[in-house]
Structure formats: C-alpha cells, structure tokens
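Asks: Please find final_2.csv (CSV, C-alpha atoms) on the next line:
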chain,number,residue,atom,x,y,z
A,23,MET,CA,19.3,46.5,176.5
A,24,ARG,CA,19.3,43.4,178.6
A,25,ARG,CA,18.1,41.4,175.7
A,26,THR,CA,20.7,42.9,173.4
A,27,ILE,CA,23.4,41.7,175.9
A,28,GLY,CA,21.6,38.3,176.0
A,29,PHE,CA,21.8,37.9,172.2
A,30,LEU,CA,25.4,38.8,172.2
A,31,LEU,CA,26.2,36.5,175.1
A,32,ALA,CA,24.3,33.6,173.4
A,33,GLY,CA,26.6,34.2,170.4
A,34,VAL,CA,29.7,34.2,172.5
A,35,VAL,CA,28.7,30.9,174.2
A,36,GLY,CA,27.7,29.3,170.9
A,37,GLY,CA,31.0,30.6,169.4
A,38,ILE,CA,33.1,29.2,172.1
A,39,SER,CA,31.6,25.7,171.7
A,40,SER,CA,31.9,26.1,167.9
A,41,GLY,CA,35.6,27.0,168.1
A,42,MET,CA,36.4,24.4,170.8
A,43,PHE,CA,34.7,21.5,169.2
A,44,GLY,CA,34.6,22.3,165.5
A,45,ILE,CA,30.9,22.3,165.3
A,46,GLY,CA,28.4,24.8,163.8
A,47,GLY,CA,27.0,26.0,167.1
A,48,GLY,CA,23.3,25.8,166.2
A,49,ILE,CA,22.8,22.9,168.7
A,50,VAL,CA,23.9,25.2,171.5
A,51,ILE,CA,22.2,28.5,170.2
A,52,VAL,CA,18.8,27.1,169.6
A,53,PRO,CA,18.2,25.9,173.2
A,54,ILE,CA,19.6,29.2,174.5
A,55,PHE,CA,17.2,31.2,172.5
A,56,GLY,CA,14.4,28.8,173.4
A,57,LEU,CA,15.0,28.3,177.1
A,58,LEU,CA,16.7,31.5,178.2
A,59,LEU,CA,15.4,34.1,175.8
A,60,ALA,CA,11.8,32.8,175.5
A,61,PHE,CA,11.7,32.3,171.7
A,62,ASP,CA,9.4,29.6,170.5
A,63,GLN,CA,11.1,26.6,168.8
A,64,HIS,CA,10.6,27.7,165.2
A,65,LYS,CA,11.7,31.3,165.8
A,66,ALA,CA,14.7,30.0,167.8
A,67,GLN,CA,15.7,27.8,164.8
A,68,GLY,CA,15.1,30.5,162.2
A,69,THR,CA,17.1,33.0,164.2
A,70,SER,CA,20.0,30.6,164.8
A,71,LEU,CA,20.2,30.1,161.0
A,72,VAL,CA,20.8,33.9,160.6
A,73,ALA,CA,23.8,33.6,162.9
A,74,LEU,CA,25.1,30.6,160.9
A,75,ILE,CA,25.0,32.3,157.5
A,76,PRO,CA,28.0,34.6,157.8
A,77,PRO,CA,31.3,32.7,158.1
A,78,THR,CA,31.4,33.2,161.9
A,79,GLY,CA,33.9,30.4,162.3
A,80,LEU,CA,36.5,32.2,160.2
A,81,LEU,CA,38.6,33.4,163.2
A,82,ALA,CA,38.4,29.8,164.7
A,83,VAL,CA,39.5,28.3,161.4
A,84,MET,CA,42.5,30.7,161.3
A,85,ALA,CA,43.4,29.7,164.9
A,86,TYR,CA,43.4,26.0,163.9
A,87,ALA,CA,45.1,26.6,160.6
A,88,LYS,CA,48.0,28.5,162.3
A,89,ALA,CA,48.6,25.4,164.4
A,90,GLY,CA,48.5,23.2,161.2
A,91,TYR,CA,45.2,21.5,162.2
A,92,VAL,CA,43.2,22.0,159.0
A,93,SER,CA,43.2,19.4,156.3
A,94,TRP,CA,42.2,21.6,153.3
A,95,PHE,CA,42.0,18.7,150.9
A,96,THR,CA,39.7,16.6,153.0
A,97,GLY,CA,37.6,19.6,153.7
A,98,ALA,CA,37.2,20.6,150.1
A,99,LEU,CA,36.1,17.1,149.3
A,100,LEU,CA,33.5,17.1,152.0
A,101,ILE,CA,31.8,20.3,151.0
A,102,PRO,CA,30.0,19.2,147.8
A,103,GLY,CA,28.9,15.9,149.4
A,104,LEU,CA,27.5,17.7,152.4
A,105,PHE,CA,25.6,20.2,150.2
A,106,LEU,CA,24.0,17.5,147.9
A,107,GLY,CA,23.4,15.2,150.8
A,108,GLY,CA,21.6,18.0,152.7
A,109,ILE,CA,19.1,18.4,149.8
A,110,LEU,CA,18.6,14.6,149.6
A,111,GLY,CA,18.0,14.5,153.4
A,112,ALA,CA,15.5,17.3,153.3
A,113,LYS,CA,13.6,15.5,150.6
A,114,LEU,CA,13.7,12.2,152.5
A,115,ALA,CA,12.4,14.0,155.6
A,116,LYS,CA,9.2,14.8,153.8
A,117,ARG,CA,8.6,11.2,153.1
A,118,ILE,CA,9.4,9.6,156.4
A,119,GLU,CA,8.6,10.5,160.0
A,120,PRO,CA,11.8,12.2,161.2
A,121,ARG,CA,10.8,12.1,164.9
A,122,GLN,CA,11.7,8.4,165.5
A,123,MET,CA,14.9,8.9,163.5
A,124,ARG,CA,15.9,11.8,165.6
A,125,ARG,CA,15.4,9.6,168.7
A,126,VAL,CA,17.4,6.8,167.3
A,127,PHE,CA,20.1,9.2,166.3
A,128,ALA,CA,20.1,10.9,169.7
A,129,VAL,CA,20.7,7.5,171.4
A,130,LEU,CA,23.5,6.7,168.9
A,131,LEU,CA,25.0,10.2,169.6
A,132,PHE,CA,24.8,9.7,173.3
A,133,LEU,CA,26.5,6.3,173.1
A,134,LEU,CA,29.3,7.7,170.9
A,135,GLY,CA,29.8,10.5,173.4
A,136,ALA,CA,29.9,8.2,176.3
A,137,TRP,CA,32.4,6.0,174.5
A,138,GLN,CA,34.7,9.0,173.7
A,139,THR,CA,34.4,10.4,177.2
A,140,PHE,CA,35.0,7.2,179.2
A,141,GLY,CA,36.8,5.0,176.8
A,142,VAL,CA,40.2,3.9,178.0
A,143,TRP,CA,40.9,2.4,174.6
A,144,ARG,CA,42.3,5.5,173.1
A,145,HIS,CA,45.9,5.5,172.2
B,16,MET,CA,40.5,8.4,142.3
B,17,ASP,CA,41.7,6.4,145.2
B,18,LEU,CA,39.8,4.8,148.0
B,19,SER,CA,40.2,7.4,150.6
B,20,THR,CA,38.9,10.1,148.3
B,21,LEU,CA,35.8,8.0,147.7
B,22,LEU,CA,35.4,7.5,151.4
B,23,ILE,CA,35.6,11.2,152.1
B,24,LEU,CA,33.0,12.0,149.4
B,25,PHE,CA,30.8,9.3,150.9
B,26,ILE,CA,31.2,10.7,154.4
B,27,GLY,CA,30.2,14.2,153.1
B,28,ILE,CA,27.0,12.9,151.5
B,29,SER,CA,26.0,10.8,154.5
B,30,ALA,CA,26.6,13.7,156.9
B,31,GLY,CA,24.6,15.9,154.5
B,32,VAL,CA,21.7,13.5,154.5
B,33,LEU,CA,21.6,13.5,158.3
B,34,VAL,CA,21.8,17.3,158.4
B,35,GLY,CA,18.8,17.6,156.0
B,36,LEU,CA,16.9,14.8,157.6
B,37,LEU,CA,17.3,15.6,161.2
B,38,GLY,CA,18.0,19.3,161.2
B,39,ILE,CA,21.2,19.0,163.1
B,40,GLY,CA,24.5,20.7,162.6
B,41,GLY,CA,27.0,19.0,160.4
B,42,GLY,CA,29.9,19.2,162.8
B,43,VAL,CA,28.5,16.8,165.4
B,44,VAL,CA,28.5,14.2,162.6
B,45,LEU,CA,31.6,15.2,160.7
B,46,VAL,CA,34.0,15.3,163.6
B,47,PRO,CA,33.5,11.7,164.8
B,48,ALA,CA,33.3,10.5,161.2
B,49,MET,CA,36.7,12.0,160.5
B,50,VAL,CA,38.2,10.7,163.7
B,51,HIS,CA,36.9,7.2,163.5
B,52,LEU,CA,36.7,6.5,159.7
B,53,LEU,CA,39.6,8.6,158.4
B,54,HIS,CA,41.7,8.2,161.5
B,55,MET,CA,42.3,11.9,161.8
B,56,ASP,CA,43.6,13.5,164.9
B,57,GLN,CA,40.9,15.2,167.0
B,58,HIS,CA,42.4,18.6,166.5
B,59,ALA,CA,42.7,18.1,162.7
B,60,ALA,CA,39.1,16.8,162.5
B,61,GLN,CA,37.8,19.8,164.4
B,62,GLY,CA,39.8,22.3,162.3
B,63,THR,CA,38.7,20.7,159.1
B,64,SER,CA,35.1,20.6,160.2
B,65,LEU,CA,35.1,24.3,161.0
B,66,PHE,CA,36.5,24.9,157.5
B,67,VAL,CA,33.8,22.8,155.9
B,68,LEU,CA,31.1,24.8,157.8
B,69,LEU,CA,32.3,28.2,156.6
B,70,PRO,CA,30.1,28.4,153.4
B,71,PRO,CA,26.5,29.4,154.1
B,72,ILE,CA,25.1,25.9,154.0
B,73,GLY,CA,21.9,27.0,155.9
B,74,LEU,CA,21.0,29.8,153.5
B,75,GLY,CA,18.1,27.9,151.8
B,76,ALA,CA,16.7,26.9,155.1
B,77,PHE,CA,17.0,30.5,156.4
B,78,LEU,CA,14.9,31.8,153.5
B,79,GLU,CA,12.3,29.2,154.2
B,80,TYR,CA,12.0,30.3,157.8
B,81,ARG,CA,12.1,34.0,156.8
B,82,ARG,CA,9.1,33.4,154.5
B,83,ARG,CA,7.1,32.2,157.4
B,84,GLY,CA,8.2,35.1,159.6
B,85,ASN,CA,10.1,32.9,162.0
B,86,VAL,CA,13.3,35.0,162.1
B,87,ASP,CA,14.4,37.7,164.5
B,88,LEU,CA,17.0,39.3,162.3
B,89,ARG,CA,18.4,41.7,164.9
B,90,ALA,CA,18.8,38.9,167.5
B,91,GLY,CA,20.5,36.8,164.8
B,92,ILE,CA,23.0,39.5,163.8
B,93,LEU,CA,23.9,40.2,167.4
B,94,CYS,CA,24.3,36.5,168.0
B,95,ALA,CA,26.6,36.2,164.9
B,96,THR,CA,28.8,39.0,166.2
B,97,GLY,CA,29.2,37.2,169.5
B,98,MET,CA,29.9,33.9,167.7
B,99,LEU,CA,32.7,35.4,165.7
B,100,MET,CA,34.5,36.4,168.9
B,101,GLY,CA,33.5,33.3,170.8
B,102,GLY,CA,34.7,31.1,168.0
B,103,TYR,CA,38.2,32.6,168.1
B,104,LEU,CA,38.2,32.2,171.9
B,105,GLY,CA,37.2,28.5,171.6
B,106,GLY,CA,39.9,27.9,169.1
B,107,LEU,CA,42.5,29.4,171.4
B,108,ILE,CA,41.3,27.1,174.2
B,109,ALA,CA,41.2,24.0,172.1
B,110,VAL,CA,44.4,24.2,170.1
B,111,PRO,CA,46.9,23.9,173.0
B,112,MET,CA,44.8,21.1,174.7
B,113,PRO,CA,46.1,17.5,174.6
B,114,SER,CA,44.2,15.5,171.9
B,115,THR,CA,43.0,12.9,174.4
B,116,ARG,CA,41.5,15.4,176.7
B,117,LEU,CA,39.9,17.3,173.8
B,118,THR,CA,38.3,14.0,172.6
B,119,ARG,CA,36.8,13.5,176.1
B,120,CYS,CA,35.4,17.0,176.2
B,121,PHE,CA,34.0,16.4,172.7
B,122,GLY,CA,32.3,13.2,174.1
B,123,VAL,CA,30.6,15.3,176.8
B,124,LEU,CA,29.4,17.7,174.1
B,125,LEU,CA,28.0,14.7,172.1
B,126,MET,CA,26.0,13.5,175.1
B,127,VAL,CA,24.6,17.0,175.8
B,128,SER,CA,23.7,17.4,172.1
B,129,ALA,CA,22.0,14.0,172.3
B,130,GLY,CA,19.9,15.2,175.2
B,131,LEU,CA,19.0,18.4,173.3
B,132,LEU,CA,18.1,16.5,170.2
B,133,TRP,CA,15.9,14.2,172.2
B,134,ARG,CA,14.2,17.2,173.7
B,135,THR,CA,13.3,18.6,170.3
B,136,THR,CA,11.6,15.3,169.4
B,137,SER,CA,9.1,15.7,172.3
B,138,LYS,CA,8.5,19.3,171.2
B,139,LEU,CA,7.9,18.6,167.5
B,140,THR,CA,4.4,17.1,167.3
B,141,PRO,CA,2.4,18.8,170.1
B,142,PRO,CA,3.2,22.5,169.7
B,143,ALA,CA,5.1,23.8,172.7
B,144,PRO,CA,3.0,25.6,175.3
B,145,PRO,CA,3.3,29.3,174.4
B,146,LEU,CA,6.1,30.9,176.5
B,147,ILE,CA,5.6,34.4,177.6
B,148,SER,CA,7.7,36.3,175.1
B,149,PRO,CA,8.6,39.8,176.2
B,150,GLU,CA,8.6,40.9,172.6
B,151,GLY,CA,5.3,39.2,171.7
B,152,GLN,CA,4.9,37.2,168.5
B,153,ALA,CA,4.8,39.6,165.6
How would this structure read if it were set down as structure tokens?
Replies:
Amino acid sequence: MRRTIGFLLAGVVGGISSGMFGIGGGIVIVPIFGLLLAFDQHKAQGTSLVALIPPTGLLAVMAYAKAGYVSWFTGALLIPGLFLGGILGAKLAKRIEPRQMRRVFAVLLFLLGAWQTFGVWRH
Amino acid sequence: MDLSTLLILFIGISAGVLVGLLGIGGGVVLVPAMVHLLHMDQHAAQGTSLFVLLPPIGLGAFLEYRRRGNVDLRAGILCATGMLMGGYLGGLIAVPMPSTRLTRCFGVLLMVSAGLLWRTTSKLTPPAPPLISPEGQA
C-alpha cells in the first residue's frame, strides 16, 4: 500500500514538472524510481517509459491551449522530425560511445540553465 | 516552403537525434530551442512542447525494455495516473506566471536535469551496486 502511494506520488511530482515546464517528465521520474523506490536503473527507465506512453500531458496541453499558449503549426512540424531524428540518434548511439556525449551535453545544459536563471539580459 | 518552416523541421530532427542518442526527454531540448531559435515566448514554447510530446514517442523503446523484463507495469500505470493529474496542476501553476519568472524556473530545472544526466553517466558502465529492492528482482 505504501509503495502504491509512492508510485502515484512519483507520477504527481513528475506531472507537475511536466505541466509547469513543458517537458516529458522522465528526467524527474527515473531518479525518483531509482533513488526513492529502490528500482535499478534499467527498471526505472523501462517503467518510466510506461508512464510516458499514454498522453499524460493531455490535461496540461488543454490548460495551455485555453490560454492561447500552444503553437499548433510549429508543433505539428516538429513531430515528424523528432520521430525520424530519434531513430537516427538511436542508430548513432550504437556506433559511438554515448557516455562522453552525455557529459558534454550535461555541461551545456547546465550552462544554458544558469544563463536562463541568472541572466539579466532578458527583455 | 519558407525559411522558418525549414528551421522548425531542422530543430525537430536535431532534438530527435539527441533524444535517441542520449536517452533524454525531448522537452528539455525543445523548449530552449523554441525560445532561443524561434524567438517564441516561454509559455508558448512550453505549451507547444507538451503538444509535441503527446504521441507515444517512447513506444518502441518501451517494447525493447519489456522484452528484457525491465518494466514494472503496475508501477508505471499508477505513475501515469498521477502524471495526468500532476500535469494539469503544473499547467495551472505555470500559465498565470510572468514569462520572465517562468524562464528562470526553467533554468533551474535545466541545471537539475544536467546534474541528473551527469549522474547517469557514472552509473552506465560499472553496473550500479544492487539496491535492496523490497520486491526483489523478478
């Protein structure tokens, strides 16, 4: 029972970050499963994928759409590229060592985040 | 086909490559790309990203994990139920927020994501020490 509540709560926390920031939520759910619910890394990732298959962001999209914050045209154009690019990336990952790339990307992500958080240049 | 259409298609493919290559979610890449390259407002970028993530992009990956028995279906379904509600809640919090503040919060999220991503790199090669799982590994 306690674990059931834990799974539900993990979803709520992942959902809030998803709705607040327009992201998928996996980046939040995987560590919760791994660190708090004692799943190993693979099982945490596989289980988080289950949660990402149904359109869980539907209510969030509706909340944004109601306020006029969805660009349907841009979104529709992004979907096929994202899909094809994903296949391409998965193929590339088999050929090159993705660990270093993750590190490089993590550093870039951190710098971008710091820029957005502390930047006084905005508007 | 005008230039911005091409740019959008290009962003989609680039973000997709990163998703497949690094195993990260698309939103973390898509939102900054839309804000900085397409000069979209933070709210609009987030709403559009959520729309893009609606189709089951991870279905193929899920099947692969399932084949190897690395899926806890019940936990995943419970988690999805929570996400549906949490997502709506998050939308309600973000929509009335001023764009500049939302951008800053997003920046914090990026830094946290970066930390988590870095963590997975140290976990990939040497298998993680087995955690004591209350359910045991089936």
Asks: Check the smallest atom-to-atom distance from each of B:Pro47, B:Pro111, B:Gly84, B:Gly27 to chain A using only C-alpha atoms, then report the winner.
Replies: B:Gly27
Asks: I'd like to know which of A:Val126, A:Ala136, A:Ile54, A:Ile118 is closest to chain B, using only C-alpha atoms.
Replies: A:Ala136
Asks: So, with all atoms listed in the file as the atoms that count, which of A:Leu31, A:Met42, A:Ala73, A:Ala98 lies closest to Arg116 of chain B?
Replies: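 The shortest atom-to-atom distance to Arg116 of chain B comes from A:Met42.
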Asks: One number please: atom CA of Ala90 of chain B to atom CA of Ile109 of chain A, in Å, one decimal.
Replies: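 Interatomic distance, atom CA of Ala90 of chain B to atom CA of Ile109 of chain A: 27.1 Å.
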Asks: One decimal, in Å: what's the spacing between atom CA of Gly68 of chain A and atom CA of Ile51 of chain A?
Replies: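 Atom-to-atom, atom CA of Gly68 of chain A and atom CA of Ile51 of chain A are spaced 10.9 Å apart.
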Asks: Can you tell me, as an MDAnalysis selection string, what residues are no more than 12 Å from segment 70-76 of chain B when counting all atoms listed in the file, ignoring any on the same chain fewer than 6 positions away?
Replies: (chainID A and resid 46 48 64 67:80 97:98 100:109 112) or (chainID B and resid 31 34:35 38:41 64 82:83 85:86)
Asks: Skipping near chain neighbours, those fewer than 5 positions away, what residues fall within 8 Å of Met49 of chain B using only C-alpha atoms, listed as number ranges by chain?
Replies: B: 54-55, 60
Asks: Could you save the residues just selected, with C-alpha atoms, as a short mmCIF file (atom, residue, chain, number, x, y, z; two decimals), in the frame of the given file?
Replies:
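The new file out.cif reads:
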data_model
loop_
_atom_site.label_atom_id
_atom_site.label_comp_id
_atom_site.auth_asym_id
_atom_site.auth_seq_id
_atom_site.Cartn_x
_atom_site.Cartn_y
_atom_site.Cartn_z
CA HIS B 54 41.70 8.20 161.50
CA MET B 55 42.30 11.90 161.80
CA ALA B 60 39.10 16.80 162.50
#
Asks: Looking at only C-alpha atoms, which of A:Val35, A:Val129, A:Ile45, A:Ala60 is the one that sits closest to Leu69 of chain B?
Replies: A:Ile45
Asks: What does the distance from atom CA of Leu131 of chain B to atom CA of Val52 of chain A come to in Å, to one decimal?
Replies: 9.5 Å
Asks: With distances taken over all atoms listed in the file, which residue among A:Leu133, A:Gly33, A:Arg124, A:Ala66 lies nearest Ile92 of chain B?
Replies: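 Among the listed residues, A:Gly33 lies closest to Ile92 of chain B.
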Asks: Neighbouring residues of segment 121-123 of chain A were defined as those with any atom within 9 Å, considering only C-alpha atoms; residues of the same chain fewer than 3 positions away were excluded. Please report them as a count of residues only.
Replies: 11
Asks: From the list A:Gln63, A:Ser93, A:Thr26, A:Ser40, which residue is nearest Leu124 of chain B when using only C-alpha atoms?
Replies: A:Ser40
Asks: Skip Val127 of chain B itself and residues of its chain fewer than 4 positions away, then list as a list in words all residues within 10 Å of it, counting all atoms listed in the file.
Replies: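 That gives Ile49, Val50, Ala128, Leu131, Phe132 and Gly135 of chain A; Phe121, Gly122, Val123, Leu131, Leu132 and Trp133 of chain B.
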